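Inspection log for the structure reproduced underneath, given as structure tokens.
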Amino acid sequence: MSDTALPAASVSSGNSKSAWLIVPGMIWMLLFLVAPILLILYVSFWTQTTFKIEPTLTLQSWKAFFGSDTYLASLWTTIRIWLLVLAATFIVGYPTALFVGLFVKNKTLSTVLLVICVIPFWTSFLIRVLAWRPMLGKEGAINIILQKFGITSQPIEALLFTELSVVIGMTQIYVVFMVGPIAFMLGRIDPNIIEAARDLGAGFGRIFWKIIFPLSLPGVIVGAIFVSVMVLGEFATAAALSGRKVNLLGNIIVTQVGSLKWAMASVAGVILTIVMGLVIAGFLRIVDLKREL
Amino acid sequence: MTDHQPIFRLEGVTKSYGQVKALRDVTLRVAGNEYISLLGPSGSGKSTLLRVIAGFEAPDSGQVFFEGRDITHVPAHERGIGFVFQNFALFPHLTVFDNVAFGLRNGKAPEPADLDKRVRDIIALVGLSGMEGRGVHQISGGQKQRVALARTLVMAPRLVLLDEPLGALDANLRHRMRNELRAIREKLGVTFLHVTGSETEALAMGDRVVVLDHGRIAQFGKPDEVYGRPASPNVAHFLNRYNIFSGALEGSTFTGPFGAIGVSGGTPSDKPAYAIRYDRMTVEPAGAPVAGPAIPATFVASEYLGSSVIYFFEAADGQVIEVEHHLSLGAPQSYEPKAQYLLRWRPEDAIVFGPGVN
């Protein structure tokens with residue numbers, strides 16, 4: 001305790017000067033993050049008519065959002081897709097991270113493997129999304145292969161322009177954000193701890209569930225936050241791979257802005273921001289990241 | 001030391017990592033209820049030896065016996081041997097209680113009340129009662145050491161291997177834990193095998209000391225035997241208490257930097273060497289009439305150790321010679337830096353190593 005008190009004291013004594021370091025960041029964030037968010041909140045209460053928007057406060061747009069099946073359905077779709085993608089990135093990502101972070105003993109090799117995971121990310125977002133079309137389509141690669149080997153007699157149409165294709169596409173794009181933090185936490189586990197557990201008679205299952213998984217949990221939480229924030233705000237993958245059948249809140253915002261319905265777009269934006277805030281707060285309650293990282 | 005039935009025994013254990021031979025034909029028998037310290041410099045193979053006994057590494061050849069049973073191919077957790085890691089390797093997300101209880105909960109766990117009692121008893125034994133609920137990041141280094149020990153001892157091993165257990169502690173604590181470790185071991189009557197790179201720790205703690213040199217056992221004996229009669233020039237060197245002179249041994253004459261000295265008897269060794277303990281040398285003014293062996297040297301510096309003073313001298317060939325003066329034998333002398341002195345010793349205090357002596 002005494003050795004942590006010392007640097008804390010020296011920071012607080014230089015407080016008046018060192019506080020200036022965060023001023024540029026603060027100004028930037030206030031101007032371009034906090035102010036716009038407050039503005040969105042404000043605009044969501046403006047009066048929208050077909051051709052113009054007036055700063056007369058009203059609940060009209062909020063009532064319209066919660067009174068419309070389309071909008072509510074898009075909220076549920078957003079949450080459903082988010083949960084599906086979150087589960088899929090975890091199921092695909094955790095074993096990968098386990099291999100890269102724990103079973104590959106060579107640090108250089110494990111770094112190389114992590115970089116390989118990131119390489120697809122260097123291609124353009126649009127190309128990555130659109131590349132799924134010739135893969136999943138009715139006459140796409142997967143259907144051709146399945147039919148060639150006689151596994152299916154007819155092409156599976158459910159592969160493209162469905163919720164499934166959106167989940168497949170998003171999982172592929174965002175799984176790396178799950179793998180990275182988990183592999184990082186797993187890589188930090190002292191091998192002696194695992195050896196000690198084994199010496200105390202723990203089998204692989206118990207070592208995993210009692211030692212490895214709890215110690216990797218902060219990585220899972222960080223990965224889940226990354227994936228959640230990106231999936232909840234998504235619109236492009238859904239637009240490109242669902243054939244406009246899957247409408248996320250992000251897609252609603254895009255269409256509303258496209259037709260200059262600023263008030264309705266703002267309502268969707270505020271709701272999306274609240275959902276994200278709740279999700280992040282929920283994840284942070286599971287693990288005390290300040291302590292673990 | 002009452003029980004002389006060997007609790008474990010190594011027969012011709014050899015282990016290599018690629019080209020590096022970590023252990024060469026190690027044979028060792030250790031009796032039950034003993035504190036054994038295993039001394040060796042880094043790279044001597046001492047950690048490898050410990051890991052082979054624990055079962056973390058398999059020997060290339062040779063056998064490991066424990067309580068009369070060949071355990072060479074028995075997995076680590078089935079050996080009934082405890083291991084205390086150098087960095088403690090505590091489970092960072094568990095409390096003190098859960099760390100200690102971890103082993104008992106594996107496999108066939110005892111009744112909850114029995115488990116609770118056993119864990120609390122062992123926590124009391126290492127002096128941590130009242131800390132059961134603390135997280136292991138909330139306790140000090142010395143307390144972590146005790147948790148690590150308790151976690152191993154709760155499994156009731158007959159042999160506990162400790163890999164430089166005091167290395168991560170500060171000097172003050174290290175000293176206190178020495179006594180604690182010995183006291184805990186005596187209470188339980190199990191054998192401790194304690195690996196250390198510190199000669200003072202090895203001599204102070206071990207009922208017997210094993211000295212490992214380049215993967216071979218160079219000496220195995222009581223601390224005073226090892227200290228007073230090192231078995232090889234290298235052992236004398238590890239003890240950090242001997243001035244070792246190289247030279248040539250012909251018949252009963254050793255020729256070193258101090259000239260030719262007649263010697264009688266000695267310790268067999270591959271290479272000839274002449275060793276004198278720091279505290280068996282006496283400083284005389286240059287040119288003083290001395291009967292017996294002596295070497296001229298230049299005074300460099302001194303180091304005050306509380307109960308004694310170490311004087312550093314440099315011989316003509318550049319070798320540093322240390323002379324220890326116990327303050328119980330008189331007040332410390334002050335010598336002139338860069339001035340010449342004559343260091344003498346009694347021939348019977350020297351240890352002569354060489355091929356063919358006995």
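Chain identifiers are assigned as A, B, and so on, following the order in which chains appear in the structure tokens; residues are numbered from 1 within each chain, and ligands are numbered from 1 in order of appearance.
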Within 10 Å of region 220-226 of chain A, counting only C-alpha atoms, which residues qualify if same-chain residues fewer than 4 places away don't, as a ChimeraX atom specification? /A:86-87,89-90,93-94,174-183,185,213-216,230-231,276,279-289
What residues in chain B have any atom no more than 7 Å from chain A when counting only C-alpha atoms, and can you write them as a PDB file with C-alpha atoms, in the first residue's frame?
```pdb
ATOM      1  CA  ALA B  76       3.228 -35.514 -11.486  1.00  0.00           C
ATOM      2  CA  HIS B  77      -0.069 -35.397  -9.583  1.00  0.00           C
ATOM      3  CA  ALA B  89       2.179 -19.510  -8.859  1.00  0.00           C
ATOM      4  CA  LEU B  90      -0.902 -18.789  -6.753  1.00  0.00           C
ATOM      5  CA  PHE B  91      -4.266 -18.723  -8.503  1.00  0.00           C
ATOM      6  CA  HIS B  93      -8.479 -14.916  -8.922  1.00  0.00           C
ATOM      7  CA  GLY B 103      -6.048 -29.579  -4.492  1.00  0.00           C
ATOM      8  CA  ASN B 106      -9.866 -32.272  -7.206  1.00  0.00           C
TER       9      ASN B 106
END
```
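With only C-alpha atoms taken into account, the protein and nucleic acid residues at most 12 Å from Ser44 (chain B) (excluding it and anything under 4 positions from it in its own chain) are Val20, Lys21, Ala22, Leu23, Arg24, Leu38, Leu39, Gly40, Thr48, Leu49, Leu50, Val195, Thr196, Gly197, Val210, Val211, Leu212, Asp213, His214, Gly215, Arg216, Ile217, Ala218, Asn234, Val235 and Phe238 of chain B.
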Margin query: At a cut-off of 7 Å, using only C-alpha atoms, what residues contact region 244-254 of chain A? Leave out same-chain residues fewer than 3 positions from it and give the result as an NGL selection string.
Written below: :A and (74-75 or 77-78 or 162-163 or 233-235 or 238-239 or 257-258 or 265 or 268-269 or 272)
Same residues, N, CA and C atoms, output as a tab-separated table (two decimals), in the first residue's frame:
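part35.tsv, freshly written:
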```
chain	number	residue	atom	x	y	z
A	74	SER	N	-37.42	-3.48	-35.81
A	74	SER	CA	-36.00	-3.27	-36.11
A	74	SER	C	-35.18	-3.23	-34.81
A	75	LEU	N	-35.80	-2.72	-33.74
A	75	LEU	CA	-35.10	-2.74	-32.44
A	75	LEU	C	-34.86	-4.18	-32.01
A	77	THR	N	-34.84	-6.85	-33.94
A	77	THR	CA	-33.90	-7.47	-34.87
A	77	THR	C	-32.46	-7.11	-34.49
A	78	THR	N	-32.26	-5.83	-34.17
A	78	THR	CA	-30.92	-5.39	-33.79
A	78	THR	C	-30.42	-6.19	-32.59
A	162	THR	N	-30.68	-13.58	-46.08
A	162	THR	CA	-31.47	-13.96	-44.90
A	162	THR	C	-30.73	-13.42	-43.67
A	163	GLU	N	-31.34	-13.62	-42.52
A	163	GLU	CA	-30.68	-13.25	-41.27
A	163	GLU	C	-29.40	-14.05	-41.10
A	233	GLY	N	-24.15	-0.89	-33.97
A	233	GLY	CA	-24.16	0.28	-34.84
A	233	GLY	C	-24.10	-0.08	-36.33
A	234	GLU	N	-24.14	-1.39	-36.65
A	234	GLU	CA	-23.98	-1.85	-38.02
A	234	GLU	C	-25.17	-1.48	-38.91
A	235	PHE	N	-24.90	-1.26	-40.18
A	235	PHE	CA	-25.99	-1.17	-41.17
A	235	PHE	C	-25.53	-1.74	-42.50
A	238	ALA	N	-25.83	-5.65	-43.03
A	238	ALA	CA	-27.24	-6.02	-43.15
A	238	ALA	C	-27.78	-5.60	-44.51
A	239	ALA	N	-27.40	-4.40	-44.95
A	239	ALA	CA	-27.90	-3.91	-46.24
A	239	ALA	C	-27.38	-4.77	-47.39
A	257	VAL	N	-32.35	9.47	-42.51
A	257	VAL	CA	-31.48	10.59	-42.88
A	257	VAL	C	-31.59	10.80	-44.38
A	258	GLY	N	-31.64	9.68	-45.15
A	258	GLY	CA	-31.74	9.76	-46.61
A	258	GLY	C	-32.98	10.51	-47.06
A	265	ALA	N	-34.67	10.00	-37.30
A	265	ALA	CA	-33.30	9.47	-37.26
A	265	ALA	C	-32.70	9.72	-35.88
A	268	ALA	N	-34.06	7.21	-33.30
A	268	ALA	CA	-33.39	5.91	-33.45
A	268	ALA	C	-31.97	5.98	-32.91
A	269	GLY	N	-31.31	7.12	-33.17
A	269	GLY	CA	-29.93	7.29	-32.70
A	269	GLY	C	-29.85	7.30	-31.19
A	272	LEU	N	-30.46	3.79	-29.87
A	272	LEU	CA	-29.27	2.98	-30.12
A	272	LEU	C	-28.18	3.29	-29.10
```
Give me the residues near Arg133 (chain A) as a PyMOL selection string, where near means some atom within 12 Å (using only C-alpha atoms) and where sequence neighbours in that chain fewer than 2 positions away do not count. chain A and resi 126-131+135-143+157+159-162+165-166+168-169+237+240-243
Students should find that CA of Leu83 (chain A) and CA of Gly205 (chain A) are spaced 26.6 Å
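Shell of Gln340 (chain B) at 7 Å, with only C-alpha atoms counted and residues fewer than 6 places along the chain excluded, is Ala286, Pro296, Ala297, Thr298 and Phe299 of chain B.
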* Asked: If you count only C-alpha atoms, which residues fall within 7 Å of Arg280 (chain B), apart from same-chain ones fewer than 2 positions away, as a PyMOL selection string?
  -> chain B and resi 276-278+282+345+349
**Asked** In region 44-212 of chain B, what's helix (DSSP H, G or I) per DSSP? Answer as a PyMOL selection string?
**Response** chain B and resi 46-54+76-78+96-101+112-125+136-138+141-153+171-188+199-205
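You can rank B:Glu284, B:Asp279, B:Ile321, B:Ile81 by their closest distance to Ser308 (chain B) using only C-alpha atoms, and at the top of that list sits B:Asp279.
In this model, the gap between CA of Val74 (chain B) and CA of Glu57 (chain B) comes to 10.9 Å.
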Counting only C-alpha atoms, closest pick from B:Leu173, B:Leu181, B:Gly251, B:Gly107 relative to Leu125 (chain B) is B:Leu181
Sorted per-residue table, region 58-153 of chain A near region 37-53 of chain A, closest atoms and distance, 8 Å, only C-alpha atoms, as a Markdown table:
```
| residue | atom | partner | partner_atom | distance |
| --- | --- | --- | --- | --- |
| A:Thr58 | CA | A:Phe45 | CA | 5.1 |
| A:Leu59 | CA | A:Phe45 | CA | 5.8 |
| A:Gln60 | CA | A:Thr47 | CA | 7.1 |
| A:Ser61 | CA | A:Ser44 | CA | 6.9 |
| A:Trp62 | CA | A:Ser44 | CA | 7.5 |
```
Restricting the output to N, CA and C atoms, write the selected residues as a compact mmCIF listing (two decimals), in the first residue's frame.
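Contents of again20.txt, freshly written:
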```txt
# COMPACT_ATOMS: atom_id res chain seq x y z
N THR A 58 -41.69 18.56 -29.22
CA THR A 58 -42.84 17.68 -29.26
C THR A 58 -42.39 16.24 -29.04
N LEU A 59 -43.32 15.37 -28.60
CA LEU A 59 -43.00 13.95 -28.41
C LEU A 59 -43.40 13.14 -29.63
N GLN A 60 -43.81 13.84 -30.67
CA GLN A 60 -44.38 13.21 -31.86
C GLN A 60 -43.51 12.09 -32.43
N SER A 61 -42.23 12.33 -32.63
CA SER A 61 -41.36 11.32 -33.23
C SER A 61 -41.19 10.12 -32.30
N TRP A 62 -41.09 10.37 -31.00
CA TRP A 62 -40.95 9.28 -30.04
C TRP A 62 -42.19 8.40 -30.04
```
Next on the checklist: Please extract the residues of region 231-264 of chain B with a backbone DSSP assignment of strand (DSSP E) and present them as a VMD selection string.
Outcome noted: chain B and resid 242 to 246 248 to 250 253 to 256 259 to 262
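Interatomic distance, CA of Pro332 (chain B) against CA of Val300 (chain B): 15.4 Å.
Candidate residues A:Val270, A:Leu114, A:Met170, A:Leu164 were compared for distance to Phe184 (chain A), and the nearest is A:Leu114, using only C-alpha atoms.
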